[in-house]
Structures are given as C-alpha cells and as structure tokens.
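Colleague: Please find one structure pasted underneath; my questions will follow.
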Amino acid sequence: MSTQENVISILVDVLQLNSNVAKSLAFDTPLLGSIPEFDSMAVVTVLTALEEEYGFFVDDDEIDAEIFETVGTLISFVDNKLSMS
Amino acid sequence: MIKKILDLQRQLGIVNAILFAINRILTLLPFSFKVIKFYFAAQKLSNQSLLPNNRGKNIAIIEVARTEKHHPCPRPIEVIEDRYYQGAICLVAYNNTEFSGCLWYIKDRYKEDEVNCLFELPEKDSVWDFDVYVEPKFRLSPVFLKLWDYTSDRLLKEDCHWSLSRISAFNPNSLFSHKRMGAVIIGWAVFICLGGIQVTIANVSPFFHVSFRKASFPIFRLKPPE
C-alpha cells in the first residue's frame with residue numbers, strides 16, 4: 001500500500017468516516033475545518049496510529065495545524081518523518 | 001453564511017439549520033433579538049486516560065484561586081468573579097509556563113450567563129462543566145485531553161462520576177467531540193430572547209417558560225441517564 005492509501009485508511013478508521021466521505025478522500029481533500037470529527041482527540045489518535053504503523057515518533061511540539069490542513073499535507077508530513085528516520 | 005447553513009443542515013439536521021439562520025438574520029436587526037438552542041449532555045467520567053502516556057508531559061494543570069490578581073481565563077473580570085461567587089472551580093493548563101487553556105466546573109447549581117436560566121444538579125455524583133477554553137494555537141495539541149483527564153481524575157476522587165454541560169446546537173464540532181468522548185444527550189432547550197423577554201421551549205422540565213424580567217427564569221434540574 002502507498003503512503004497515501006495507508007494514511008487515508010488510518011483516517012477513515014480513526015475518524016469512523018461514513019463510506020461516502022471515505023470514498024471522497026483524495027490528496028487535496030481539506031481536513032481541518034471541513035471534517036467536524038477532526039478535533040484534538042482525533043489528532044492524537046491519528047498520530048498514535050501513524051507512529052505504530054511507521055515506527056517514528058512525533059513530539060507534542062511538532063503538532064501544528066498546517067500538518068492537518070489537507071490529506072496531502074498529512075501525507076507529506078509522514079513522508080518527511082520517514083525520510084528523517 | 002449559506003454554506004454554513006447547508007453544512008449545518010447536513011451535520012445537524014434541518015431544524016437546527018433553520019434556527020441558526022433565524023438567529024443570524026435576527027442579529028442583523030437594530031434591536032436585541034436572538035435564538036439559542038442548547039443540547040444538554042452528560043459525560044460519564046472515567047479513570048481511563050484519553051491521552052497516551054507519552055504525550056502532554058510539558059502540560060501542567062493547576063487550580064487557580066479567586067484571589068489570583070491576573071486571572072488567566074480570557075473573560076471579563078465581573079464574569080469571573082460571579083463564577084467564583086457561585087462556587088465554581090477553575091482549572092488552568094500551562095504548556096511549560098504559557099497559558100494554554102482552562103475549564104470551569106461547579107457542583108449543585110449554575111446560573112447560566114448566555115441566557116437567563118439556572119441549571120440544578122440534584123444528584124450529588126454530578127458536576128456542571130462550562131467554558132472549556134483552549135487557546136487557538138493549542139487547539140490541536142493535547143491540552144484539552146490533559147485538562148479533561150486531570151479533571152476526571154480529580155472529580156472521581158471526590159466521588160463525582162458524571163459531568164453535565166450544555167452544548168450549542170449550532171456548533172457541530174463541539175457536538176461531535178462530546179459524542180466521540182461518549183457523552184449522552186439528555187435534553188435540549190430553545191431560548192428566544194427579545195430585549196428583556198425570554199421564551200423557553202424545552203423537551204425537559206419545565207418544558208415551557210416565559211420571563212419578562214431578570215429575576216424570572218426557568219430552572220432545569222438535570223440528572224445523568226439511568
């Protein structure tokens with residue numbers, strides 16, 4: 001599975017998105033402000049799932065709204081973490 | 001505004017979207033007229049932490065006394081003084097030394113300040129939480145979860161097992177957050193306010209109330225679900 005497919009799959013699981021929303025998720029889909037389920041609890045859960053999946057660690061100070069602007073920015077963040085580890 | 005109404009209609013249903021639209025139109029009029037709808041929510045407190053152990057280590061929670069000269073909660077001083085006068089407790093989160101959020105709770109009863117009503121908690125194992133505030137730059141951080149974990153732990157030690165609150169029906173994010181944490185909706189009330197007149201319609205007692213002066217207000221005696 002590509003990073004994009006993996007990240008989308010994690011988002012769908014964690015946010016318990018309905019099938020219509022899940023199908024519509026693409027690289028440029030906005031997250032913050034457009035998916036009401038996306039709150040601080042969702043952020044922690046998504047990050048924990050990504051840490052378990054990819055084996056990197058995200059410090060609290062790294063958590064920034066820009067990471068969660070779109071599906072694409074989250075994928076870029078994951079790619080960046082993977083390139084550093 | 002039309003987008004917000006359509007979003008609300010999708011997220012919360014047609015009735016709430018219509019009430020939201022009415023309220024927005026009324027606020028444009030040159031006299032004081034507003035429509036507010038609250039859901040009443042009951043959250044069972046748990047000693048199971050929402051925050052994983054490795055997170056929130058730089059966040060400290062402290063209780064701020066009413067004697068604090070410069071209260072960190074970003075509300076007018078008279079509002080803060082009234083909350084303490086009513087017996088409320090304020091817990092404040094600091095990220096390192098930076099103010100990052102706060103939460104208020106009260107036992108027995110709370111006189112609401114957005115509309116004219118009183119919430120009473122006849123069950124001793126319940127508290128009323130209100131004005132949960134997180135600084136914008138910390139909204140995605142673990143601040144809220146740390147604040148909630150600390151509050152739950154503290155209240156459970158005081159033998160309180162439920163926290164009740166009201167949520168605006170026009171705030172889908174807050175509603176979703178409460179539901180994700182397991183909150184149960186135990187009622188709703190609509191307040192139609194025109195100057196000093198307030199009409200209240202609710203699906204819990206007292207169901208209907210009209211007040212023409214500040215000293216007259218509905219009293220909601222709210223209990224956690226059986």
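For the structure tokens, the naming scheme is as follows: chains receive sequential letters (A, B, ...) according to their order of presentation, residues are indexed from 1 within each chain, and ligands are indexed from 1 in presentation order.
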Tell me, as a ChimeraX atom specification, which residues lie within 9 Å of Trp148 (chain B), counting only C-alpha atoms; anything in the same chain fewer than 6 positions away does not count.
Modeller: /B:49-50,103
Colleague: Please identify the strand (DSSP E) residues within region 162-206 of chain B (assignment by DSSP from backbone atoms) and present them as a ChimeraX atom specification.
Modeller: /B:162-168,184-194,197-202
Colleague: Need to verify the contact set: Ile36 (chain B), 8 Å, only C-alpha atoms, exclusion of same-chain residues closer than 3 positions in sequence. Can you return it as an MDAnalysis selection string?
Modeller: chainID B and resid 19 23 168:169 190:192
Colleague: Per residue of chain B within 8 Å of chain A, record the nearest atom pair and its distance in Å to one decimal, counting only C-alpha atoms, with rows in chain order and ascending residue number, as JSON lines.
Modeller:
```
{"residue": "B:Leu50", "atom": "CA", "partner": "A:Met41", "partner_atom": "CA", "distance": 7.8}
{"residue": "B:Leu51", "atom": "CA", "partner": "A:Val44", "partner_atom": "CA", "distance": 7.6}
{"residue": "B:Arg55", "atom": "CA", "partner": "A:Asp60", "partner_atom": "CA", "distance": 6.6}
{"residue": "B:Gly56", "atom": "CA", "partner": "A:Asp60", "partner_atom": "CA", "distance": 6.9}
{"residue": "B:Arg139", "atom": "CA", "partner": "A:Ser40", "partner_atom": "CA", "distance": 6.5}
{"residue": "B:Leu140", "atom": "CA", "partner": "A:Ser40", "partner_atom": "CA", "distance": 4.4}
{"residue": "B:Ser141", "atom": "CA", "partner": "A:Ser40", "partner_atom": "CA", "distance": 6.1}
{"residue": "B:Pro142", "atom": "CA", "partner": "A:Ser40", "partner_atom": "CA", "distance": 6.5}
{"residue": "B:Phe144", "atom": "CA", "partner": "A:Ser40", "partner_atom": "CA", "distance": 7.3}
{"residue": "B:Leu145", "atom": "CA", "partner": "A:Met41", "partner_atom": "CA", "distance": 7.0}
{"residue": "B:Pro172", "atom": "CA", "partner": "A:Pro36", "partner_atom": "CA", "distance": 6.6}
{"residue": "B:Asn173", "atom": "CA", "partner": "A:Pro36", "partner_atom": "CA", "distance": 4.9}
{"residue": "B:Phe176", "atom": "CA", "partner": "A:Glu37", "partner_atom": "CA", "distance": 5.9}
{"residue": "B:Ser177", "atom": "CA", "partner": "A:Asp39", "partner_atom": "CA", "distance": 6.8}
```
Colleague: Please list as a VMD selection string every residue within 7 Å of Thr29 (chain A), counting only C-alpha atoms and excluding residues in the same chain fewer than 2 positions away.
Modeller: chain A and resid 25 to 27 31 70 to 71
Colleague: Can those selected residues be exported to a file as a CSV table (one decimal), in the first residue's frame so that it contains N, CA and C atoms?
Modeller:
```csv
chain,number,residue,atom,x,y,z
A,25,LEU,N,-12.1,11.0,-0.1
A,25,LEU,CA,-10.9,11.5,0.4
A,25,LEU,C,-9.8,11.3,-0.7
A,26,ALA,N,-9.1,12.5,-1.0
A,26,ALA,CA,-8.1,12.5,-2.0
A,26,ALA,C,-6.9,13.4,-1.5
A,27,PHE,N,-5.9,13.5,-2.3
A,27,PHE,CA,-4.7,14.2,-1.8
A,27,PHE,C,-5.0,15.7,-1.4
A,31,LEU,N,-8.9,18.8,5.6
A,31,LEU,CA,-9.3,18.1,6.8
A,31,LEU,C,-9.8,19.0,7.9
A,70,THR,N,-4.8,19.4,4.9
A,70,THR,CA,-5.4,18.5,3.9
A,70,THR,C,-4.8,17.1,4.0
A,71,VAL,N,-5.4,16.2,3.3
A,71,VAL,CA,-4.8,14.8,3.3
A,71,VAL,C,-3.4,14.9,2.8
```
Colleague: Interatomic distance between CA of Glu114 (chain B) and CA of Phe207 (chain B)?
Modeller: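 These two atoms are separated by 18.8 Å.
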